[in-house]
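K.L.:
Just so it is clear, I am handing over my_file_37.txt, which has compact mmCIF, C-alpha atoms and all ligand atoms.
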```
# COMPACT_ATOMS: atom_id res chain seq x y z
CA ASP A 24 29.71 -12.54 -78.83
CA GLN A 25 32.73 -14.62 -77.89
CA LEU A 26 34.86 -12.61 -80.33
CA ILE A 27 33.65 -9.28 -78.96
CA SER A 28 34.41 -10.51 -75.44
CA GLN A 29 37.91 -11.44 -76.53
CA ILE A 30 38.55 -8.09 -78.15
CA ALA A 31 37.19 -6.22 -75.14
CA ALA A 32 39.25 -8.44 -72.84
CA GLY A 33 42.38 -7.71 -74.84
CA GLU A 34 41.85 -4.03 -74.18
CA VAL A 35 41.81 -4.47 -70.44
CA VAL A 36 43.62 -7.71 -69.61
CA GLU A 37 47.08 -6.58 -70.55
CA ARG A 38 48.82 -9.23 -68.49
CA PRO A 39 48.22 -11.66 -65.60
CA ALA A 40 48.43 -8.79 -63.11
CA SER A 41 45.24 -7.28 -64.61
CA VAL A 42 43.41 -10.47 -63.63
CA VAL A 43 44.84 -10.38 -60.10
CA LYS A 44 43.67 -6.78 -59.76
CA GLU A 45 40.11 -7.51 -60.90
CA LEU A 46 39.72 -10.64 -58.78
CA VAL A 47 41.10 -9.02 -55.64
CA GLU A 48 38.84 -5.99 -56.16
CA ASN A 49 35.86 -8.32 -56.46
CA ALA A 50 36.86 -10.01 -53.20
CA ILE A 51 37.11 -6.63 -51.47
CA ASP A 52 33.73 -5.61 -52.90
CA ALA A 53 32.33 -8.83 -51.40
CA GLY A 54 33.35 -7.63 -47.94
CA ALA A 55 36.09 -10.24 -47.48
CA GLY A 56 38.14 -10.14 -44.29
CA ARG A 57 40.65 -12.57 -45.77
CA ILE A 58 41.97 -12.86 -49.32
CA GLU A 59 44.45 -15.34 -50.69
CA VAL A 60 46.12 -15.05 -54.09
CA ARG A 61 48.01 -17.98 -55.59
CA ILE A 62 49.75 -17.71 -58.91
CA GLU A 63 51.78 -20.19 -60.94
CA GLY A 64 53.99 -19.55 -63.91
CA GLY A 65 53.82 -15.78 -63.51
CA GLY A 66 50.01 -16.08 -63.50
CA LEU A 67 49.89 -17.52 -67.01
CA ARG A 68 49.49 -21.09 -65.88
CA ARG A 69 47.17 -20.38 -62.98
CA ILE A 70 45.76 -17.58 -60.86
CA ALA A 71 43.51 -18.52 -57.93
CA VAL A 72 41.94 -15.94 -55.67
CA SER A 73 39.84 -17.01 -52.72
CA ASP A 74 38.00 -14.93 -50.17
CA ASN A 75 35.68 -15.29 -47.19
CA GLY A 76 33.26 -12.66 -48.46
CA CYS A 77 29.51 -12.77 -48.96
CA GLY A 78 29.61 -15.44 -51.67
CA ILE A 79 27.34 -15.79 -54.71
CA PRO A 80 24.06 -17.74 -54.50
CA LYS A 81 23.86 -20.77 -56.80
CA GLU A 82 21.17 -19.14 -59.00
CA GLU A 83 23.38 -16.10 -59.60
CA LEU A 84 26.52 -17.96 -60.67
CA PRO A 85 25.66 -17.93 -64.41
CA LEU A 86 24.87 -14.21 -64.16
CA ALA A 87 28.28 -13.43 -62.66
CA LEU A 88 29.95 -14.72 -65.83
CA ARG A 89 27.62 -12.94 -68.22
CA ARG A 90 28.67 -9.77 -69.93
CA HIS A 91 26.26 -7.09 -68.79
CA ALA A 92 26.82 -4.79 -71.73
CA THR A 93 25.97 -7.35 -74.45
CA SER A 94 22.87 -5.59 -75.72
CA LYS A 95 24.68 -2.26 -75.90
CA ILE A 96 27.30 -3.26 -78.43
CA HIS A 97 26.08 -2.88 -81.99
CA SER A 98 29.25 -2.07 -83.87
CA LEU A 99 33.00 -2.24 -83.71
CA LEU A 100 32.98 1.54 -83.39
CA GLU A 101 31.32 1.17 -80.03
CA LEU A 102 34.04 -1.15 -78.80
CA GLU A 103 36.21 1.79 -77.91
CA SER A 104 33.61 3.22 -75.57
CA VAL A 105 33.01 -0.22 -74.12
CA ALA A 106 36.69 -0.59 -73.35
CA SER A 107 36.71 2.80 -71.71
CA LEU A 108 34.06 1.60 -69.31
CA GLY A 109 36.61 -0.93 -68.25
CA PHE A 110 35.40 -3.92 -66.42
CA ARG A 111 32.10 -2.66 -65.19
CA GLY A 112 30.20 -5.88 -64.96
CA GLU A 113 32.42 -7.67 -67.38
CA ALA A 114 35.64 -8.64 -65.67
CA LEU A 115 34.73 -12.28 -65.16
CA ALA A 116 33.13 -12.58 -68.61
CA SER A 117 36.15 -11.03 -70.29
CA ILE A 118 38.62 -13.21 -68.42
CA ALA A 119 36.54 -16.31 -69.17
CA SER A 120 36.78 -15.50 -72.88
CA ILE A 121 40.57 -15.66 -72.89
CA ALA A 122 41.29 -18.27 -70.20
CA GLY A 123 39.87 -21.23 -68.37
CA LEU A 124 37.73 -19.97 -65.49
CA VAL A 125 36.04 -21.83 -62.67
CA LEU A 126 34.01 -19.89 -60.13
CA THR A 127 33.20 -21.61 -56.85
CA SER A 128 31.12 -19.99 -54.17
CA ARG A 129 29.20 -20.70 -51.02
CA VAL A 130 26.85 -18.31 -49.27
CA PRO A 131 26.36 -18.29 -45.48
CA GLY A 132 23.81 -20.92 -44.45
CA ALA A 133 24.25 -23.08 -47.57
CA ASP A 134 25.01 -26.81 -47.11
CA HIS A 135 27.87 -26.69 -49.58
CA ALA A 136 29.47 -24.67 -52.34
CA TRP A 137 28.56 -24.61 -56.02
CA SER A 138 30.87 -24.07 -58.93
CA ILE A 139 30.41 -22.93 -62.49
CA GLY A 140 32.85 -23.81 -65.23
CA PRO A 141 32.94 -25.44 -68.66
CA GLU A 142 30.72 -28.26 -67.36
CA GLY A 143 28.03 -25.91 -66.07
CA VAL A 144 26.87 -25.55 -62.48
CA GLN A 145 27.90 -28.34 -60.13
CA PRO A 146 28.04 -29.02 -56.39
CA ALA A 147 31.49 -28.36 -54.98
CA SER A 148 33.37 -28.26 -51.70
CA GLY A 149 34.47 -25.03 -50.12
CA GLU A 150 33.99 -22.71 -47.18
CA THR A 151 31.74 -19.66 -47.17
CA GLY A 152 33.07 -17.20 -49.71
CA THR A 153 34.28 -17.30 -53.27
CA ARG A 154 37.14 -18.80 -55.17
CA VAL A 155 38.01 -17.95 -58.75
CA GLU A 156 40.52 -20.08 -60.60
CA VAL A 157 41.89 -18.80 -63.90
CA THR A 158 44.06 -21.16 -65.95
CA ASP A 159 46.04 -20.87 -69.17
CA LEU A 160 45.53 -17.15 -69.61
CA PHE A 161 45.79 -16.03 -73.24
CA PHE A 162 45.92 -19.61 -74.55
CA LYS A 163 43.16 -18.62 -76.98
CA THR A 164 44.95 -15.39 -77.94
CA PRO A 165 48.58 -16.43 -78.50
CA ALA A 166 49.43 -13.07 -80.08
CA ARG A 167 48.96 -11.37 -76.72
CA ARG A 168 51.05 -14.00 -75.01
CA LYS A 169 54.04 -13.06 -77.13
CA PHE A 170 54.18 -9.58 -75.63
CA LEU A 171 54.56 -10.82 -72.09
CA LYS A 172 57.86 -10.67 -70.29
CA SER A 173 59.57 -13.35 -68.24
CA GLU A 174 57.81 -15.30 -65.52
CA ALA A 175 59.71 -13.31 -62.89
CA THR A 176 58.53 -10.02 -64.37
CA GLU A 177 54.89 -11.11 -64.59
CA THR A 178 55.06 -12.41 -61.01
CA ALA A 179 56.40 -9.03 -59.90
CA HIS A 180 53.53 -7.24 -61.65
CA CYS A 181 51.00 -9.55 -59.98
CA LEU A 182 52.60 -8.91 -56.59
CA ARG A 183 52.46 -5.19 -57.21
CA GLU A 184 48.71 -5.26 -57.85
CA PHE A 185 48.31 -7.34 -54.71
CA GLU A 186 50.32 -4.76 -52.74
CA HIS A 187 48.24 -1.87 -54.04
CA ALA A 188 45.08 -3.56 -52.80
CA ALA A 189 46.81 -4.47 -49.54
CA LEU A 190 47.95 -0.89 -48.85
CA SER A 191 44.47 0.53 -49.33
CA HIS A 192 42.76 -2.25 -47.33
CA PRO A 193 44.96 -2.81 -44.28
CA GLY A 194 42.10 -4.34 -42.27
CA VAL A 195 41.93 -7.29 -44.65
CA GLU A 196 44.17 -10.29 -43.98
CA MET A 197 45.98 -10.98 -47.26
CA ARG A 198 48.38 -13.59 -48.60
CA PHE A 199 50.22 -13.96 -51.86
CA PHE A 200 51.83 -17.20 -53.02
CA ALA A 201 53.88 -17.74 -56.16
CA ASN A 202 54.49 -21.33 -57.27
CA GLY A 203 53.43 -22.50 -53.81
CA ARG A 204 55.88 -20.23 -51.99
CA ALA A 205 54.54 -17.60 -49.57
CA VAL A 206 55.77 -14.24 -50.89
CA SER A 207 53.66 -11.90 -48.78
CA VAL A 208 51.68 -12.78 -45.66
CA LEU A 209 49.85 -9.84 -44.11
CA PRO A 210 47.64 -10.04 -41.02
CA ALA A 211 44.79 -7.56 -40.55
CA GLN A 212 46.62 -4.48 -39.30
CA SER A 213 46.61 -0.70 -39.07
CA ALA A 214 47.34 1.42 -42.15
CA ARG A 215 50.75 2.32 -40.68
CA GLU A 216 51.69 -1.30 -39.97
CA ARG A 217 50.57 -2.29 -43.46
CA ALA A 218 52.67 0.44 -45.06
CA ASN A 219 55.67 -0.60 -42.97
CA ALA A 220 55.21 -4.20 -44.08
CA ILE A 221 55.13 -3.36 -47.77
CA LEU A 222 57.48 -0.41 -48.14
CA PRO A 223 61.26 -0.85 -47.72
CA HIS A 224 62.72 -1.35 -44.26
CA ASP A 225 64.16 2.16 -43.97
CA PHE A 226 60.73 3.63 -44.61
CA ALA A 227 59.40 2.15 -41.36
CA GLN A 228 62.36 3.66 -39.54
CA ALA A 229 62.39 7.10 -41.06
CA SER A 230 59.20 8.58 -42.37
CA ARG A 231 56.90 11.40 -41.40
CA GLU A 232 53.17 11.36 -41.06
CA VAL A 233 51.34 13.48 -43.62
CA PHE A 234 47.90 14.80 -42.87
CA ALA A 235 45.93 17.72 -44.17
CA GLU A 236 42.31 18.54 -44.79
CA SER A 237 40.70 21.30 -46.76
CA GLU A 238 37.32 21.73 -48.41
CA GLY A 239 36.66 18.52 -50.34
CA LEU A 240 40.30 17.42 -50.06
CA LYS A 241 42.06 15.20 -47.57
CA VAL A 242 45.51 13.66 -47.65
CA SER A 243 46.96 11.16 -45.19
CA GLY A 244 49.84 8.73 -45.13
CA TRP A 245 53.61 8.87 -44.79
CA ALA A 246 56.54 10.43 -46.57
CA GLY A 247 59.93 8.75 -46.24
CA LEU A 248 62.85 10.85 -45.02
CA PRO A 249 66.00 11.21 -47.10
CA THR A 250 67.51 8.01 -45.70
CA ALA A 251 64.59 6.20 -47.20
CA ALA A 252 64.92 8.35 -50.29
CA ARG A 253 67.87 6.33 -51.49
CA SER A 254 65.98 3.03 -51.44
CA ARG A 255 63.78 1.36 -54.06
CA SER A 256 62.46 3.99 -56.39
CA ASP A 257 59.29 1.99 -57.01
CA ALA A 258 58.22 2.31 -53.37
CA GLN A 259 56.07 5.27 -54.29
CA TYR A 260 52.36 4.91 -53.78
CA PHE A 261 49.70 7.48 -54.43
CA PHE A 262 46.11 6.48 -53.88
CA VAL A 263 43.27 8.66 -55.05
CA ASN A 264 39.97 7.64 -53.50
CA GLY A 265 41.40 4.20 -52.77
CA ARG A 266 42.77 3.57 -56.25
CA CYS A 267 46.52 3.46 -56.86
CA ILE A 268 47.43 5.90 -59.58
CA ARG A 269 50.47 7.47 -61.20
CA ASP A 270 50.09 11.13 -61.90
CA ARG A 271 52.72 13.63 -63.03
CA MET A 272 51.06 16.53 -61.27
CA LEU A 273 50.92 14.71 -57.93
CA LEU A 274 54.52 13.55 -58.27
CA HIS A 275 55.56 17.08 -59.06
CA ALA A 276 53.71 18.45 -56.03
CA LEU A 277 55.35 15.83 -53.86
CA ARG A 278 58.87 16.54 -55.08
CA GLN A 279 58.27 20.21 -54.53
CA GLY A 280 57.25 19.44 -50.93
CA TYR A 281 60.52 17.53 -50.57
CA SER A 282 62.66 20.16 -52.21
CA ASP A 283 64.37 21.27 -49.01
CA VAL A 284 65.25 17.81 -47.75
CA LEU A 285 65.89 15.74 -50.84
CA TYR A 286 69.32 14.88 -52.16
CA ASN A 287 69.76 15.57 -55.81
CA GLY A 288 68.06 12.92 -57.90
CA ALA A 289 67.04 10.82 -54.91
CA GLN A 290 63.76 8.93 -55.12
CA PRO A 291 61.72 9.30 -51.95
CA SER A 292 59.60 6.40 -50.69
CA PHE A 293 56.07 7.42 -49.82
CA CYS A 294 52.57 6.15 -49.35
CA LEU A 295 49.88 8.79 -49.58
CA PHE A 296 46.13 8.53 -49.64
CA LEU A 297 44.36 11.43 -51.25
CA GLU A 298 40.64 11.73 -50.89
CA VAL A 299 38.86 14.02 -53.28
CA ASP A 300 35.19 14.79 -53.64
CA PRO A 301 34.15 12.34 -56.40
CA SER A 302 32.63 15.17 -58.41
CA GLN A 303 36.08 16.81 -58.53
CA VAL A 304 37.94 13.90 -60.07
CA ASP A 305 37.49 11.60 -63.04
CA VAL A 306 39.01 8.21 -62.27
CA ASN A 307 37.78 6.54 -65.43
CA VAL A 308 40.18 8.06 -67.90
CA HIS A 309 41.44 4.58 -68.72
CA PRO A 310 40.64 1.36 -66.87
CA THR A 311 44.17 -0.03 -66.85
CA LYS A 312 46.49 2.95 -66.97
CA ASN A 313 45.60 4.19 -63.50
CA GLU A 314 45.20 7.78 -64.55
CA VAL A 315 42.98 10.46 -63.10
CA ARG A 316 41.92 13.96 -64.06
CA PHE A 317 41.32 16.59 -61.44
CA ARG A 318 38.87 19.37 -62.04
CA GLU A 319 40.94 21.84 -60.01
CA SER A 320 44.36 20.48 -60.74
CA GLN A 321 46.25 23.52 -59.47
CA ARG A 322 44.44 23.51 -56.16
CA VAL A 323 45.20 19.81 -55.62
CA HIS A 324 48.83 20.47 -56.48
CA GLN A 325 49.16 23.26 -53.89
CA PHE A 326 47.34 21.18 -51.30
CA VAL A 327 49.63 18.16 -51.66
CA PHE A 328 52.76 20.30 -51.91
CA HIS A 329 52.00 22.13 -48.65
CA ALA A 330 50.93 18.96 -46.81
CA VAL A 331 54.19 17.18 -47.69
CA GLU A 332 56.31 20.24 -46.98
CA ALA A 333 54.69 20.68 -43.55
CA ALA A 334 55.19 17.01 -42.70
CA LEU A 335 58.89 17.13 -43.59
CA ALA A 336 59.64 20.52 -42.06
CA PRO A 337 60.62 19.15 -38.61
CA ALA A 338 63.28 17.03 -40.32
CA MET A 339 65.15 20.22 -41.09
CA SER A 340 65.66 21.26 -37.50
P1 LIG B 401 31.69 -6.17 -61.48
O1 LIG B 401 32.67 -6.40 -60.39
O2 LIG B 401 32.02 -4.94 -62.26
O3 LIG B 401 30.26 -6.21 -61.04
P2 LIG B 401 32.66 -8.71 -62.42
O4 LIG B 401 32.62 -9.37 -63.76
O5 LIG B 401 33.99 -8.43 -61.82
O6 LIG B 401 31.84 -7.36 -62.55
O7 LIG B 401 31.81 -9.58 -61.43
C1 LIG B 401 30.48 -9.89 -61.77
C2 LIG B 401 29.64 -10.13 -60.54
O8 LIG B 401 30.02 -11.37 -59.92
C3 LIG B 401 29.80 -9.09 -59.45
O9 LIG B 401 28.94 -7.99 -59.67
C4 LIG B 401 29.42 -9.87 -58.23
O10 LIG B 401 28.02 -9.91 -58.09
C5 LIG B 401 29.89 -11.28 -58.52
N1 LIG B 401 31.20 -11.57 -57.92
C6 LIG B 401 32.40 -11.61 -58.56
N2 LIG B 401 33.40 -11.93 -57.72
C7 LIG B 401 32.83 -12.08 -56.50
C8 LIG B 401 33.34 -12.42 -55.19
N3 LIG B 401 34.65 -12.65 -54.98
N4 LIG B 401 32.44 -12.51 -54.18
C9 LIG B 401 31.12 -12.28 -54.38
N5 LIG B 401 30.58 -11.98 -55.58
C10 LIG B 401 31.43 -11.87 -56.63
MG MG B 402 34.67 -6.65 -60.74
```
For the file at hand, write its structure as structure tokens.
P.N.:
Amino acid sequence: DQLISQIAAGEVVERPASVVKELVENAIDAGAGRIEVRIEGGGLRRIAVSDNGCGIPKEELPLALRRHATSKIHSLLELESVASLGFRGEALASIASIAGLVLTSRVPGADHAWSIGPEGVQPASGETGTRVEVTDLFFKTPARRKFLKSEATETAHCLREFEHAALSHPGVEMRFFANGRAVSVLPAQSARERANAILPHDFAQASREVFAESEGLKVSGWAGLPTAARSRSDAQYFFVNGRCIRDRMLLHALRQGYSDVLYNGAQPSFCLFLEVDPSQVDVNVHPTKNEVRFRESQRVHQFVFHAVEAALAPAMS
């Protein structure tokens, strides 16, 4: 069982940033109004995520670390399908199989917190909410460790996952620390303020609001004007139903919407939130690659193209 957990974890925990993503998503699911991420050594030495969400009752702590799908795996052949389900009910279990993990939680009304770790369930100190501490990631799977990049690169990937969550949850107060240094401190704010805080400076100064709605489709957000287009090329965020994705079709639609205002080869900054009827999109193509498949791809393309074009049109006059 431990081995299967490790193999499954290897499929989904590519790098420390994968852990940051899962833990922050859990905190958001718990209704947290405040989330703090602390990483050390690019996340390899330590990742700690704490929140002020609903917490986990003492009796449920062991359950939170258990792999839900255990009884469903009968052969190695099935592993592939398990991996494709991603972390449904197995993020904490998978992470615990390849790292040290201590889960501390306190529910409203409880006298104190409880933690679960290698020594079992024990009383602990802590405010209402949950804290997950992951140490020595991949120390049991050194092969994986070899593929990781420098500490600076892993830190940047962790920060990027943090920023994705921050952009799609502007009402949540969020902080990110690396080696004890505050890298990103975000108060609860509006979507626009949050985008301004995370995207490059020129984006805040020169961007157009994008908004369009059509049957089962809605897009909102901001498209940077050509001044912003010359800045960081990685300041490009597309969210589909709250999940940050990279999609060739959407990028193509966007560039087409920009075609009249974009300098040759320039990379526009943008932050767009696309909402699609869940029955019209498959977001589970792969748990880590952030891909989606649209049922009516061409319609989505036209929709995004026209929305961006309309938003940028006044820039021409
Ligand atoms: P999943 O999120 O898919 O349910 P996880 O392994 O990520 O699976 O988490 C297992 C369970 O632990 C969750 O379903 C939830 O009940 C509980 N849990 C994890 N993190 C938190 C948190 N930050 N706050 C409250 N409950 C949590
Ligand atoms: Mg989860």
K.L.:
Once you count all atoms listed in the file, what closest atom pair and distance in Å to one decimal does each residue of chain A within 10 Å of ligand LIG 401 (chain B) have, with rows by chain and rising residue number, as a Markdown table?
P.N.:
```
| residue | atom | partner | partner_atom | distance |
| --- | --- | --- | --- | --- |
| A:Val42 | CA | B:LIG401 | O5 | 9.8 |
| A:Glu45 | CA | B:LIG401 | O5 | 6.3 |
| A:Leu46 | CA | B:LIG401 | N2 | 6.5 |
| A:Val47 | CA | B:LIG401 | N3 | 7.4 |
| A:Glu48 | CA | B:LIG401 | O1 | 7.5 |
| A:Asn49 | CA | B:LIG401 | N2 | 4.5 |
| A:Ala50 | CA | B:LIG401 | N3 | 3.9 |
| A:Ile51 | CA | B:LIG401 | N3 | 7.4 |
| A:Asp52 | CA | B:LIG401 | N4 | 7.1 |
| A:Ala53 | CA | B:LIG401 | N4 | 4.6 |
| A:Gly54 | CA | B:LIG401 | N4 | 8.0 |
| A:Ala55 | CA | B:LIG401 | N4 | 8.0 |
| A:Ile58 | CA | B:LIG401 | N3 | 9.3 |
| A:Val72 | CA | B:LIG401 | N3 | 8.0 |
| A:Ser73 | CA | B:LIG401 | N3 | 7.1 |
| A:Asp74 | CA | B:LIG401 | N3 | 6.3 |
| A:Asn75 | CA | B:LIG401 | N4 | 8.2 |
| A:Gly76 | CA | B:LIG401 | N4 | 5.8 |
| A:Cys77 | CA | B:LIG401 | C9 | 5.7 |
| A:Gly78 | CA | B:LIG401 | C9 | 4.4 |
| A:Ile79 | CA | B:LIG401 | N5 | 5.1 |
| A:Pro80 | CA | B:LIG401 | N5 | 8.8 |
| A:Glu83 | CA | B:LIG401 | O10 | 7.9 |
| A:Leu84 | CA | B:LIG401 | O8 | 7.5 |
| A:Pro85 | CA | B:LIG401 | O8 | 9.1 |
| A:Leu86 | CA | B:LIG401 | C2 | 7.2 |
| A:Ala87 | CA | B:LIG401 | O8 | 3.8 |
| A:Leu88 | CA | B:LIG401 | O4 | 6.3 |
| A:Arg89 | CA | B:LIG401 | O4 | 7.6 |
| A:Arg90 | CA | B:LIG401 | O4 | 7.3 |
| A:His91 | CA | B:LIG401 | O6 | 8.4 |
| A:Leu108 | CA | B:LIG401 | O2 | 9.8 |
| A:Gly109 | CA | B:LIG401 | O2 | 8.5 |
| A:Phe110 | CA | B:LIG401 | O2 | 5.5 |
| A:Arg111 | CA | B:LIG401 | O2 | 3.7 |
| A:Gly112 | CA | B:LIG401 | O6 | 3.3 |
| A:Glu113 | CA | B:LIG401 | O4 | 4.0 |
| A:Ala114 | CA | B:LIG401 | O4 | 3.6 |
| A:Leu115 | CA | B:LIG401 | O4 | 3.9 |
| A:Ala116 | CA | B:LIG401 | O4 | 5.8 |
| A:Ser117 | CA | B:LIG401 | O4 | 7.6 |
| A:Ile118 | CA | B:LIG401 | O4 | 8.5 |
| A:Ala119 | CA | B:LIG401 | O4 | 9.6 |
| A:Leu126 | CA | B:LIG401 | N2 | 8.3 |
| A:Thr127 | CA | B:LIG401 | N3 | 9.3 |
| A:Ser128 | CA | B:LIG401 | N4 | 7.6 |
| A:Arg129 | CA | B:LIG401 | C9 | 9.3 |
| A:Val130 | CA | B:LIG401 | C9 | 9.0 |
| A:Gly152 | CA | B:LIG401 | N4 | 6.5 |
| A:Thr153 | CA | B:LIG401 | N3 | 5.0 |
| A:Arg154 | CA | B:LIG401 | N3 | 6.6 |
| A:Val155 | CA | B:LIG401 | N3 | 7.3 |
```
K.L.:
Which polymer residues, whether protein, DNA or RNA, lie within 6 Å of the coordinate (48.8, -16.3, -67.2) when you count only C-alpha atoms? List them as an NGL selection string, using the chain letters and numbers from the file.
P.N.:
:A and (39 or 66-68 or 159-160)
K.L.:
Between A:Val206, A:Val263, A:Ser213, A:Asp300, which is the closest to Arg183 (chain A) once you count only C-alpha atoms?
P.N.:
A:Val206
K.L.:
Can you work out the spacing between CA of Ser282 (chain A) and CA of Ala220 (chain A) in Å, to one decimal?
P.N.:
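For CA of Ser282 (chain A) relative to CA of Ala220 (chain A), the distance reads 26.7 Å.
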K.L.:
Could you tell me how far CA of Ser292 (chain A) sits from CA of Ala258 (chain A), in Å to one decimal place?
P.N.:
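According to the coordinates, CA of Ala258 (chain A) and CA of Ser292 (chain A) are separated by 5.1 Å.
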K.L.:
Measure the distance from CA of Glu156 (chain A) to CA of Gly123 (chain A) in Å and round it to one decimal.
P.N.:
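Atom-to-atom, CA of Glu156 (chain A) and CA of Gly123 (chain A) are spaced 7.9 Å apart.
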K.L.:
Padding 6 Å on every side, please: axis-aligned box over the listed atoms of region 274-278 of chain A, centre and edge lengths to one decimal in Å, as AutoDock Vina command-line options.
P.N.:
```
--center_x 56.3 --center_y 16.0 --center_z -56.5 --size_x 17.2 --size_y 16.9 --size_z 17.2
```
